[in-house]
>>> print(open('entry35.csv').read())   # CSV, C-alpha atoms
chain,number,residue,atom,x,y,z
A,1,MET,CA,-7.1,23.3,-51.1
A,2,PHE,CA,-10.4,24.3,-52.7
A,3,ALA,CA,-12.4,22.0,-50.4
A,4,ARG,CA,-10.6,23.5,-47.4
A,5,ARG,CA,-11.4,27.1,-48.5
A,6,THR,CA,-15.0,26.1,-49.1
A,7,VAL,CA,-15.4,24.6,-45.6
A,8,LEU,CA,-13.8,27.7,-44.0
A,9,ALA,CA,-16.0,30.0,-46.0
A,10,ALA,CA,-19.1,28.1,-45.0
A,11,ALA,CA,-17.9,28.3,-41.4
A,12,ALA,CA,-17.5,32.0,-41.6
A,13,ALA,CA,-20.8,32.5,-43.3
A,14,LEU,CA,-22.7,30.4,-40.8
A,15,ALA,CA,-21.1,32.1,-37.8
A,16,ALA,CA,-21.7,35.6,-39.2
A,17,THR,CA,-25.1,35.5,-40.8
A,18,ALA,CA,-27.1,32.3,-40.9
A,19,PHE,CA,-27.4,32.0,-37.1
A,20,PRO,CA,-27.1,35.4,-35.4
A,21,ALA,CA,-25.5,34.9,-32.0
A,22,LEU,CA,-28.0,37.3,-30.3
A,23,ALA,CA,-30.9,35.2,-31.4
A,24,GLN,CA,-29.5,32.0,-29.9
A,25,GLU,CA,-30.8,31.0,-26.5
A,26,THR,CA,-27.9,28.6,-26.1
A,27,VAL,CA,-24.2,29.4,-26.1
A,28,LYS,CA,-22.4,26.4,-27.4
A,29,ILE,CA,-18.8,25.8,-26.4
A,30,GLY,CA,-16.9,23.2,-28.6
A,31,VAL,CA,-14.3,21.6,-26.4
A,32,ILE,CA,-11.6,19.7,-28.3
A,33,LEU,CA,-9.2,17.6,-26.2
A,34,PRO,CA,-7.0,14.6,-26.4
A,35,MET,CA,-9.1,12.2,-24.4
A,36,THR,CA,-7.2,9.1,-25.7
A,37,GLY,CA,-3.6,8.6,-26.7
A,38,PRO,CA,-0.4,9.8,-25.0
A,39,SER,CA,-1.8,13.1,-23.8
A,40,ALA,CA,-5.1,11.6,-22.4
A,41,SER,CA,-4.3,12.9,-18.9
A,42,THR,CA,-4.6,16.5,-20.3
A,43,GLY,CA,-8.1,15.7,-21.7
A,44,LYS,CA,-9.2,14.0,-18.5
A,45,GLN,CA,-8.1,17.0,-16.4
A,46,ALA,CA,-9.5,19.7,-18.7
A,47,GLU,CA,-12.9,18.0,-19.2
A,48,ALA,CA,-13.3,17.4,-15.4
A,49,ALA,CA,-12.5,21.1,-14.7
A,50,ALA,CA,-14.9,22.5,-17.4
A,51,LYS,CA,-17.7,20.3,-16.0
A,52,LEU,CA,-16.9,21.4,-12.4
A,53,TRP,CA,-17.2,25.0,-13.4
A,54,ILE,CA,-20.7,24.5,-14.7
A,55,GLN,CA,-21.6,22.4,-11.7
A,56,GLN,CA,-20.5,25.2,-9.4
A,57,ASN,CA,-21.7,28.2,-11.4
A,58,GLY,CA,-24.8,26.8,-13.2
A,59,ALA,CA,-25.5,26.3,-16.9
A,60,THR,CA,-27.0,29.7,-17.4
A,61,VAL,CA,-25.2,33.0,-17.7
A,62,ALA,CA,-26.5,36.5,-18.8
A,63,GLY,CA,-29.8,34.8,-19.6
A,64,LYS,CA,-28.2,32.2,-22.0
A,65,LYS,CA,-28.0,28.5,-21.5
A,66,VAL,CA,-24.4,27.1,-21.8
A,67,GLU,CA,-23.8,23.8,-23.5
A,68,LEU,CA,-20.5,21.9,-23.8
A,69,ILE,CA,-19.9,19.8,-26.8
A,70,ILE,CA,-16.8,17.7,-26.0
A,71,LYS,CA,-14.8,15.9,-28.8
A,72,ASP,CA,-11.7,13.7,-28.6
A,73,ASP,CA,-9.0,14.6,-31.1
A,74,THR,CA,-6.7,11.7,-30.0
A,75,GLY,CA,-3.8,14.2,-30.1
A,76,ALA,CA,-3.8,14.2,-33.9
A,77,PRO,CA,-3.8,17.7,-35.7
A,78,ASP,CA,-5.8,16.5,-38.7
A,79,VAL,CA,-8.5,15.2,-36.4
A,80,THR,CA,-8.5,18.4,-34.4
A,81,LYS,CA,-9.0,20.4,-37.6
A,82,ARG,CA,-11.8,18.2,-38.8
A,83,LEU,CA,-13.6,18.4,-35.5
A,84,ALA,CA,-13.3,22.2,-35.3
A,85,GLN,CA,-14.8,22.5,-38.8
A,86,GLU,CA,-17.7,20.2,-37.8
A,87,LEU,CA,-18.3,22.1,-34.6
A,88,VAL,CA,-18.4,25.4,-36.4
A,89,VAL,CA,-20.4,24.3,-39.4
A,90,ASN,CA,-22.8,21.7,-38.0
A,91,ASP,CA,-23.0,22.5,-34.3
A,92,LYS,CA,-22.7,26.3,-34.8
A,93,VAL,CA,-20.6,26.7,-31.7
A,94,ASN,CA,-19.9,30.2,-30.3
A,95,VAL,CA,-16.5,29.3,-28.8
A,96,LEU,CA,-13.8,26.7,-29.4
A,97,LEU,CA,-11.9,25.7,-26.2
A,98,GLY,CA,-9.2,23.2,-25.2
A,99,PHE,CA,-6.2,22.2,-27.5
A,100,GLY,CA,-3.9,19.9,-25.5
A,101,LEU,CA,-0.7,20.3,-27.7
A,102,THR,CA,0.7,23.1,-29.8
A,103,PRO,CA,0.1,21.4,-33.2
A,104,LEU,CA,-3.5,20.9,-32.3
A,105,ALA,CA,-4.0,24.6,-31.5
A,106,LEU,CA,-2.2,25.7,-34.6
A,107,ALA,CA,-4.4,23.4,-36.8
A,108,VAL,CA,-7.5,25.3,-35.7
A,109,ALA,CA,-6.2,28.9,-35.9
A,110,PRO,CA,-7.3,29.5,-39.5
A,111,ILE,CA,-10.8,28.2,-38.7
A,112,ALA,CA,-11.1,30.6,-35.7
A,113,THR,CA,-10.1,33.5,-38.0
A,114,GLN,CA,-12.5,32.6,-40.8
A,115,ALA,CA,-15.4,31.9,-38.5
A,116,LYS,CA,-14.6,34.9,-36.3
A,117,ILE,CA,-15.1,33.0,-33.0
A,118,PRO,CA,-12.8,32.9,-30.0
A,119,GLN,CA,-10.4,30.0,-29.8
A,120,ILE,CA,-9.5,29.6,-26.1
A,121,VAL,CA,-6.3,27.7,-25.6
A,122,THR,CA,-6.3,26.1,-22.2
A,123,ALA,CA,-3.3,23.9,-22.5
A,124,ALA,CA,-0.9,24.4,-25.4
A,125,ALA,CA,2.1,26.6,-24.5
A,126,THR,CA,4.3,27.6,-27.5
A,127,ALA,CA,4.7,31.3,-27.5
A,128,ILE,CA,3.7,31.9,-31.1
A,129,ILE,CA,0.2,30.4,-30.8
A,130,THR,CA,-1.7,33.6,-30.1
A,131,GLU,CA,0.0,35.3,-33.1
A,132,GLN,CA,-1.5,32.8,-35.5
A,133,SER,CA,-5.1,34.2,-35.2
A,134,PRO,CA,-6.5,37.4,-33.8
A,135,PHE,CA,-9.2,35.3,-32.2
A,136,ILE,CA,-7.0,33.1,-30.1
A,137,VAL,CA,-7.0,33.8,-26.3
A,138,ARG,CA,-4.8,31.8,-23.9
A,139,THR,CA,-5.6,30.8,-20.3
A,140,SER,CA,-2.8,28.3,-19.9
A,141,PHE,CA,0.8,29.7,-20.0
A,142,THR,CA,3.8,30.0,-22.3
A,143,LEU,CA,6.9,27.8,-21.9
A,144,PRO,CA,9.2,30.9,-21.9
A,145,GLN,CA,6.9,32.4,-19.2
A,146,ALA,CA,7.7,29.4,-16.9
A,147,THR,CA,11.3,28.8,-18.1
A,148,VAL,CA,12.9,32.3,-17.7
A,149,PRO,CA,12.4,32.3,-13.9
A,150,MET,CA,14.0,28.8,-13.7
A,151,ALA,CA,17.0,30.1,-15.5
A,152,GLN,CA,17.2,33.1,-13.3
A,153,TRP,CA,17.0,31.0,-10.1
A,154,SER,CA,19.6,28.6,-11.3
A,155,ALA,CA,22.1,31.3,-12.1
A,156,LYS,CA,21.7,32.8,-8.7
A,157,ASN,CA,21.9,29.5,-6.8
A,158,GLY,CA,25.3,28.1,-7.6
A,159,ILE,CA,24.5,26.2,-10.9
A,160,LYS,CA,27.2,27.0,-13.5
A,161,LYS,CA,27.0,24.3,-16.1
A,162,VAL,CA,23.7,22.9,-17.5
A,163,VAL,CA,22.6,20.4,-20.2
A,164,THR,CA,19.1,21.1,-21.6
A,165,LEU,CA,16.9,18.2,-22.4
A,166,VAL,CA,13.5,18.9,-24.0
A,167,SER,CA,10.8,17.2,-26.1
A,168,ASP,CA,11.4,18.0,-29.8
A,169,TYR,CA,8.5,20.2,-30.7
A,170,GLY,CA,7.4,23.9,-30.3
A,171,PRO,CA,7.2,24.2,-26.6
A,172,GLY,CA,10.4,22.3,-26.0
A,173,ILE,CA,12.3,24.4,-28.5
A,174,ASP,CA,10.8,27.5,-26.8
A,175,ALA,CA,11.9,26.2,-23.4
A,176,GLU,CA,15.4,25.3,-24.7
A,177,LYS,CA,16.0,28.8,-26.1
A,178,ALA,CA,14.4,30.7,-23.2
A,179,PHE,CA,16.6,28.8,-20.7
A,180,LYS,CA,19.8,29.2,-22.6
A,181,ASP,CA,19.3,32.9,-23.3
A,182,GLU,CA,18.5,33.8,-19.7
A,183,PHE,CA,21.0,31.4,-18.1
A,184,THR,CA,24.0,32.5,-20.2
A,185,LYS,CA,22.9,36.2,-19.5
A,186,GLY,CA,23.4,35.3,-15.8
A,187,GLY,CA,26.9,33.9,-16.3
A,188,GLY,CA,26.0,30.2,-16.7
A,189,GLU,CA,27.0,27.8,-19.5
A,190,VAL,CA,24.8,25.4,-21.5
A,191,VAL,CA,27.2,22.6,-22.4
A,192,ALA,CA,24.8,20.6,-24.5
A,193,GLU,CA,21.3,20.9,-25.9
A,194,LEU,CA,19.4,17.6,-26.3
A,195,ARG,CA,16.0,17.1,-28.0
A,196,VAL,CA,14.0,13.9,-27.5
A,197,PRO,CA,11.3,12.8,-30.1
A,198,LEU,CA,7.8,13.6,-28.9
A,199,ARG,CA,6.3,10.3,-30.1
A,200,ASN,CA,7.3,7.1,-28.1
A,201,PRO,CA,10.2,8.8,-26.4
A,202,ASP,CA,13.1,6.8,-25.0
A,203,PHE,CA,14.9,9.1,-22.6
A,204,ALA,CA,17.6,6.6,-21.6
A,205,PRO,CA,20.2,7.3,-24.3
A,206,PHE,CA,19.8,11.1,-23.8
A,207,LEU,CA,20.2,10.8,-20.0
A,208,GLN,CA,23.4,8.8,-20.6
A,209,ARG,CA,24.7,11.7,-22.6
A,210,VAL,CA,23.8,14.1,-19.8
A,211,LYS,CA,25.7,11.8,-17.3
A,212,ASP,CA,28.7,11.8,-19.6
A,213,ALA,CA,28.7,15.6,-19.9
A,214,SER,CA,28.8,15.8,-16.0
A,215,PRO,CA,27.0,19.2,-15.6
A,216,ASP,CA,25.9,20.7,-12.4
A,217,ALA,CA,22.3,20.3,-13.5
A,218,VAL,CA,20.0,19.1,-16.3
A,219,PHE,CA,17.1,21.4,-17.3
A,220,VAL,CA,14.1,19.4,-18.5
A,221,PHE,CA,10.9,20.0,-20.3
A,222,VAL,CA,8.5,17.2,-21.3
A,223,PRO,CA,4.7,17.6,-21.8
A,224,SER,CA,2.2,17.0,-19.1
A,225,GLY,CA,1.7,13.2,-18.6
A,226,PHE,CA,5.3,12.3,-19.7
A,227,GLY,CA,6.9,12.9,-16.3
A,228,SER,CA,6.5,9.3,-15.0
A,229,ALA,CA,8.5,7.8,-17.9
A,230,PHE,CA,11.2,10.4,-17.6
A,231,MET,CA,11.6,10.2,-13.9
A,232,LYS,CA,11.8,6.4,-14.0
A,233,GLN,CA,14.6,6.5,-16.5
A,234,PHE,CA,16.3,9.4,-14.6
A,235,ALA,CA,16.4,7.3,-11.5
A,236,GLU,CA,17.6,4.2,-13.3
A,237,ARG,CA,20.5,6.1,-14.9
A,238,GLY,CA,21.8,7.2,-11.5
A,239,LEU,CA,22.1,10.9,-12.3
A,240,THR,CA,21.3,12.0,-8.7
A,241,GLN,CA,24.1,9.8,-7.4
A,242,ALA,CA,26.4,11.4,-9.9
A,243,GLY,CA,25.7,14.8,-8.4
A,244,ILE,CA,23.6,16.1,-11.2
A,245,LYS,CA,20.6,18.2,-10.1
A,246,LEU,CA,17.3,18.0,-11.9
A,247,ILE,CA,15.7,21.4,-12.6
A,248,ALA,CA,12.6,21.7,-14.7
A,249,THR,CA,9.3,23.4,-15.6
A,250,GLY,CA,6.3,22.2,-13.7
A,251,ASP,CA,5.2,19.9,-16.6
A,252,VAL,CA,7.8,17.3,-15.4
A,253,THR,CA,6.5,17.2,-11.8
A,254,ASP,CA,2.9,17.5,-13.0
A,255,ASP,CA,0.4,17.1,-10.1
A,256,ASP,CA,-1.5,14.5,-12.1
A,257,VAL,CA,1.4,12.1,-11.9
A,258,LEU,CA,3.5,13.4,-9.1
A,259,ASN,CA,2.7,10.7,-6.5
A,260,GLU,CA,3.6,8.1,-9.2
A,261,LEU,CA,7.1,9.5,-9.5
A,262,GLY,CA,8.0,8.3,-6.0
A,263,ASP,CA,10.9,9.5,-3.8
A,264,SER,CA,13.1,10.1,-6.9
A,265,ALA,CA,11.3,13.3,-7.4
A,266,LEU,CA,11.9,14.7,-3.9
A,267,GLY,CA,14.0,17.9,-4.0
A,268,VAL,CA,13.4,18.7,-7.7
A,269,VAL,CA,13.2,22.5,-8.1
A,270,ASN,CA,10.9,23.7,-10.8
A,271,THR,CA,9.0,26.8,-11.9
A,272,HIS,CA,5.3,27.0,-12.9
A,273,HIS,CA,2.1,28.9,-12.6
A,274,TYR,CA,0.0,26.4,-10.5
A,275,SER,CA,0.4,23.8,-7.8
A,276,ALA,CA,-2.4,21.8,-6.2
A,277,SER,CA,-0.8,22.9,-2.9
A,278,HIS,CA,-1.0,26.7,-3.7
A,279,ASP,CA,-1.9,28.3,-0.5
A,280,SER,CA,-5.1,30.4,-1.1
A,281,PRO,CA,-8.7,30.0,0.0
A,282,GLU,CA,-9.8,29.9,-3.7
A,283,ASN,CA,-7.4,27.0,-4.4
A,284,LYS,CA,-8.2,25.1,-1.3
A,285,ALA,CA,-11.9,25.2,-2.2
A,286,PHE,CA,-11.2,24.3,-5.8
A,287,VAL,CA,-9.0,21.3,-5.0
A,288,GLU,CA,-11.5,20.0,-2.5
A,289,ALA,CA,-14.4,20.2,-4.9
A,290,PHE,CA,-12.3,18.8,-7.8
A,291,LYS,CA,-11.2,15.8,-5.8
A,292,LYS,CA,-14.7,15.1,-4.5
A,293,ALA,CA,-16.1,15.1,-8.0
A,294,ASN,CA,-13.3,13.1,-9.7
A,295,ASN,CA,-11.3,11.2,-7.1
A,296,PHE,CA,-8.0,12.7,-8.3
A,297,ARG,CA,-6.2,15.9,-7.7
A,298,PRO,CA,-6.3,18.8,-10.3
A,299,ASN,CA,-3.2,19.9,-12.2
A,300,PHE,CA,-2.4,22.9,-14.3
A,301,MET,CA,-4.3,21.6,-17.3
A,302,ALA,CA,-7.4,21.5,-15.1
A,303,VAL,CA,-6.8,25.1,-14.0
A,304,GLY,CA,-6.3,26.3,-17.7
A,305,ALA,CA,-9.8,24.8,-18.6
A,306,TYR,CA,-11.4,26.1,-15.4
A,307,ASP,CA,-10.2,29.6,-16.1
A,308,GLY,CA,-11.2,29.2,-19.8
A,309,MET,CA,-14.7,28.6,-18.7
A,310,GLN,CA,-14.6,31.4,-16.2
A,311,LEU,CA,-13.4,33.7,-19.0
A,312,VAL,CA,-16.3,32.8,-21.2
A,313,TYR,CA,-18.8,33.4,-18.4
A,314,LYS,CA,-17.2,36.8,-17.6
A,315,ALA,CA,-17.2,37.8,-21.2
A,316,LEU,CA,-20.9,36.9,-21.6
A,317,GLU,CA,-21.7,38.9,-18.5
A,318,LYS,CA,-19.9,41.9,-19.9
A,319,THR,CA,-21.7,41.6,-23.3
A,320,LYS,CA,-25.0,41.0,-21.5
A,321,GLY,CA,-25.4,37.7,-23.3
A,322,ASN,CA,-24.3,38.8,-26.8
A,323,ALA,CA,-22.4,35.7,-28.1
A,324,ASP,CA,-21.1,37.4,-31.3
A,325,GLY,CA,-17.5,36.3,-31.7
A,326,GLN,CA,-16.0,39.8,-32.0
A,327,ALA,CA,-18.0,41.0,-29.0
A,328,LEU,CA,-16.8,38.1,-26.9
A,329,LEU,CA,-13.2,38.6,-28.0
A,330,ASP,CA,-13.3,42.3,-27.2
A,331,ALA,CA,-14.8,41.6,-23.8
A,332,MET,CA,-12.0,39.1,-23.0
A,333,LYS,CA,-9.1,41.4,-23.8
A,334,GLY,CA,-7.8,43.0,-20.6
A,335,MET,CA,-10.1,40.8,-18.4
A,336,SER,CA,-8.7,40.2,-14.9
A,337,TRP,CA,-9.8,38.0,-12.0
A,338,THR,CA,-8.6,36.1,-9.0
A,339,SER,CA,-7.9,32.6,-10.3
A,340,VAL,CA,-7.2,29.5,-8.1
A,341,ARG,CA,-3.6,30.0,-9.2
A,342,GLY,CA,-3.5,33.7,-8.1
A,343,PRO,CA,-4.2,37.0,-9.8
A,344,VAL,CA,-4.4,36.8,-13.6
A,345,GLN,CA,-5.2,39.1,-16.6
A,346,ILE,CA,-5.6,38.6,-20.3
A,347,ASP,CA,-3.0,40.8,-21.9
A,348,PRO,CA,-5.1,43.2,-24.1
A,349,GLU,CA,-2.3,43.4,-26.7
A,350,THR,CA,-1.2,39.7,-27.0
A,351,ARG,CA,-4.2,37.9,-25.6
A,352,ASP,CA,-1.8,35.7,-23.6
A,353,ILE,CA,-2.3,35.4,-19.8
A,354,ILE,CA,-0.3,37.5,-17.3
A,355,GLN,CA,0.2,35.6,-14.1
A,356,ASN,CA,2.5,34.8,-11.2
A,357,ILE,CA,5.2,32.2,-11.7
A,358,TYR,CA,6.2,30.2,-8.6
A,359,VAL,CA,9.5,28.6,-7.7
A,360,ARG,CA,8.7,25.2,-6.1
A,361,LYS,CA,10.4,22.2,-4.6
A,362,VAL,CA,9.0,18.7,-4.5
A,363,GLU,CA,8.4,17.7,-0.9
A,364,LYS,CA,6.4,15.1,1.0
A,365,VAL,CA,3.4,16.5,2.9
A,366,GLY,CA,1.0,14.2,4.7
A,367,GLY,CA,2.4,11.1,2.9
A,368,GLU,CA,1.9,12.7,-0.6
A,369,LEU,CA,4.2,14.6,-2.9
A,370,PHE,CA,3.5,18.2,-3.7
A,371,ASN,CA,5.2,21.1,-5.5
A,372,GLN,CA,5.7,23.4,-2.5
A,373,GLU,CA,6.0,27.0,-3.5
A,374,PHE,CA,8.9,29.0,-1.9
A,375,ALA,CA,9.2,32.1,-4.1
A,376,THR,CA,6.9,34.1,-6.3
A,377,ILE,CA,7.6,36.2,-9.4
A,378,GLU,CA,4.6,38.4,-9.9
A,379,LYS,CA,2.7,39.4,-13.0
A,380,VAL,CA,4.9,37.6,-15.6
A,381,LYS,CA,4.1,38.3,-19.2
A,382,ASP,CA,5.2,36.1,-22.1
A,383,PRO,CA,8.9,37.0,-22.4
A,384,VAL,CA,9.0,36.3,-26.1
A,385,LYS,CA,6.4,38.9,-27.1
A,386,ALA,CA,7.7,41.3,-24.4
A,387,ALA,CA,11.2,41.1,-26.0
A,388,LYS,CA,9.7,42.0,-29.5
A,389,LYS,CA,8.4,45.3,-28.2
A,390,GLN,CA,11.8,46.4,-26.9
>>> encode(input="entry35.csv", output="structure tokens")
Amino acid sequence: MFARRTVLAAAAALAATAFPALAQETVKIGVILPMTGPSASTGKQAEAAAKLWIQQNGATVAGKKVELIIKDDTGAPDVTKRLAQELVVNDKVNVLLGFGLTPLALAVAPIATQAKIPQIVTAAATAIITEQSPFIVRTSFTLPQATVPMAQWSAKNGIKKVVTLVSDYGPGIDAEKAFKDEFTKGGGEVVAELRVPLRNPDFAPFLQRVKDASPDAVFVFVPSGFGSAFMKQFAERGLTQAGIKLIATGDVTDDDVLNELGDSALGVVNTHHYSASHDSPENKAFVEAFKKANNFRPNFMAVGAYDGMQLVYKALEKTKGNADGQALLDAMKGMSWTSVRGPVQIDPETRDIIQNIYVRKVEKVGGELFNQEFATIEKVKDPVKAAKKQ
């Protein structure tokens, strides 16, 4: 405990006094991502997007050079924490960015607070994350933000009985609760709530329980990159033939793996904040540039990182190059812009992102699978924090 406090105190001292931000000619962004391990697709997407932003917008903003220092935390919170400490103390970064899963973001929250530098969460989606440090800003989404519209759509479209099936960690529990609360409010019934271990998940026994319960639909959340394994077992268990619809958040039909899911994914209705087929000039240009640079299509993890970089640049422009942590944080609050996903704003009170959520259906377009948007819920705030104010 003493060693931990010593490191954090050193981080705070260095960030605040030893290397004044205004004196630095280089603004350093410490990017911590799971580049290996089960969430490697998140790291791959986010790294590619951050680099694309600099490629398109240059490595200089407001007279300061921007440098990315990218670290692989392998998806392990203790590694994330150690890397964050090293980035603050040794590399003297001005911003921490990334965080592929909730436990990874939470591990760094005390460091961001002590060092007084922004921690931009571009992926992790548990609602409580921004409440763990006044220096956390989120450019991804929250699971309740994506889930509540799915529950509303289901209740209005003839679905009466649902089993929820989620990965057993923060975002999954968020999704389970948000779906049940909203769905039952609309007259629906959740007949069973199933939680699958996050590590080395075997969905088969849980899917058999869904089949045995014979609901109208199963609502599913699994993290980005886990959709292939889930859909394979969903198809093998014959749930579609049993008349059980699959409804989900967009993590399940993630653009990064969607084509791998095959025709078993066709017709899946889901809700999320970004699709590679989003119809806007900004997104068409982004997808074209991203695919040209990387030979794969972007997903919502890429967009979270792309907008995270955009937020840093906009904040530096606003502060005229002042990279002091508090100055950057203050500049970020309330910031709005047209993202490739649609209009977005950083909520000045919660530091979460306010954005459109789209209802989509998986369809085949030009021989490829896409989440085709057919309805829009505009300017959605995180429902969990919104409810606390009421």
>>> residues_around(input="entry35.csv", residues="Gly227 (chain A)", least_positions_apart="6", cutoff="7 Å", atoms="all atoms listed in the file", output="list of chain:residue names")
A:Val252, A:Thr253, A:Asp254
>>> closest_residue(input="entry35.csv", among="A:Glu67, A:Glu193, A:Asp78, A:Asp73", to="Lys180 (chain A)", atoms="all atoms listed in the file")
A:Glu193
>>> closest_atom_pairs(input="entry35.csv", of="region 286-319 of chain A", to="region 35-44 of chain A", cutoff="12 Å", atoms="all atoms listed in the file", output="CSV")
residue,atom,partner,partner_atom,distance
A:Asn294,CA,A:Lys44,CA,9.7
A:Asn295,CA,A:Lys44,CA,11.9
A:Phe296,CA,A:Lys44,CA,10.4
A:Arg297,CA,A:Lys44,CA,11.4
A:Pro298,CA,A:Lys44,CA,9.9
A:Asn299,CA,A:Thr42,CA,8.9
A:Phe300,CA,A:Thr42,CA,9.0
A:Met301,CA,A:Thr42,CA,5.9
A:Ala302,CA,A:Thr42,CA,7.7
A:Val303,CA,A:Thr42,CA,10.9
A:Gly304,CA,A:Thr42,CA,10.3
A:Ala305,CA,A:Gly43,CA,9.8
>>> closest_residue(input="entry35.csv", among="A:Pro77, A:Gly262, A:Pro144, A:Gly98", to="Ala387 (chain A)", atoms="only C-alpha atoms")
A:Pro144
>>> closest_residue(input="entry35.csv", among="A:Gln345, A:Asn200, A:Asn259, A:Asn322", to="Val365 (chain A)", atoms="all atoms listed in the file")
A:Asn259
>>> closest_residue(input="entry35.csv", among="A:Glu373, A:Asp307, A:Glu176, A:Asp255", to="Val190 (chain A)", atoms="all atoms listed in the file")
A:Glu176
>>> closest_residue(input="entry35.csv", among="A:Leu104, A:Leu239, A:Val340, A:Ala151", to="Ala285 (chain A)", atoms="all atoms listed in the file")
A:Val340
>>> closest_residue(input="entry35.csv", among="A:Ile173, A:Gly188, A:Ile354, A:Ala375", to="Gln145 (chain A)", atoms="all atoms listed in the file")
A:Ile354
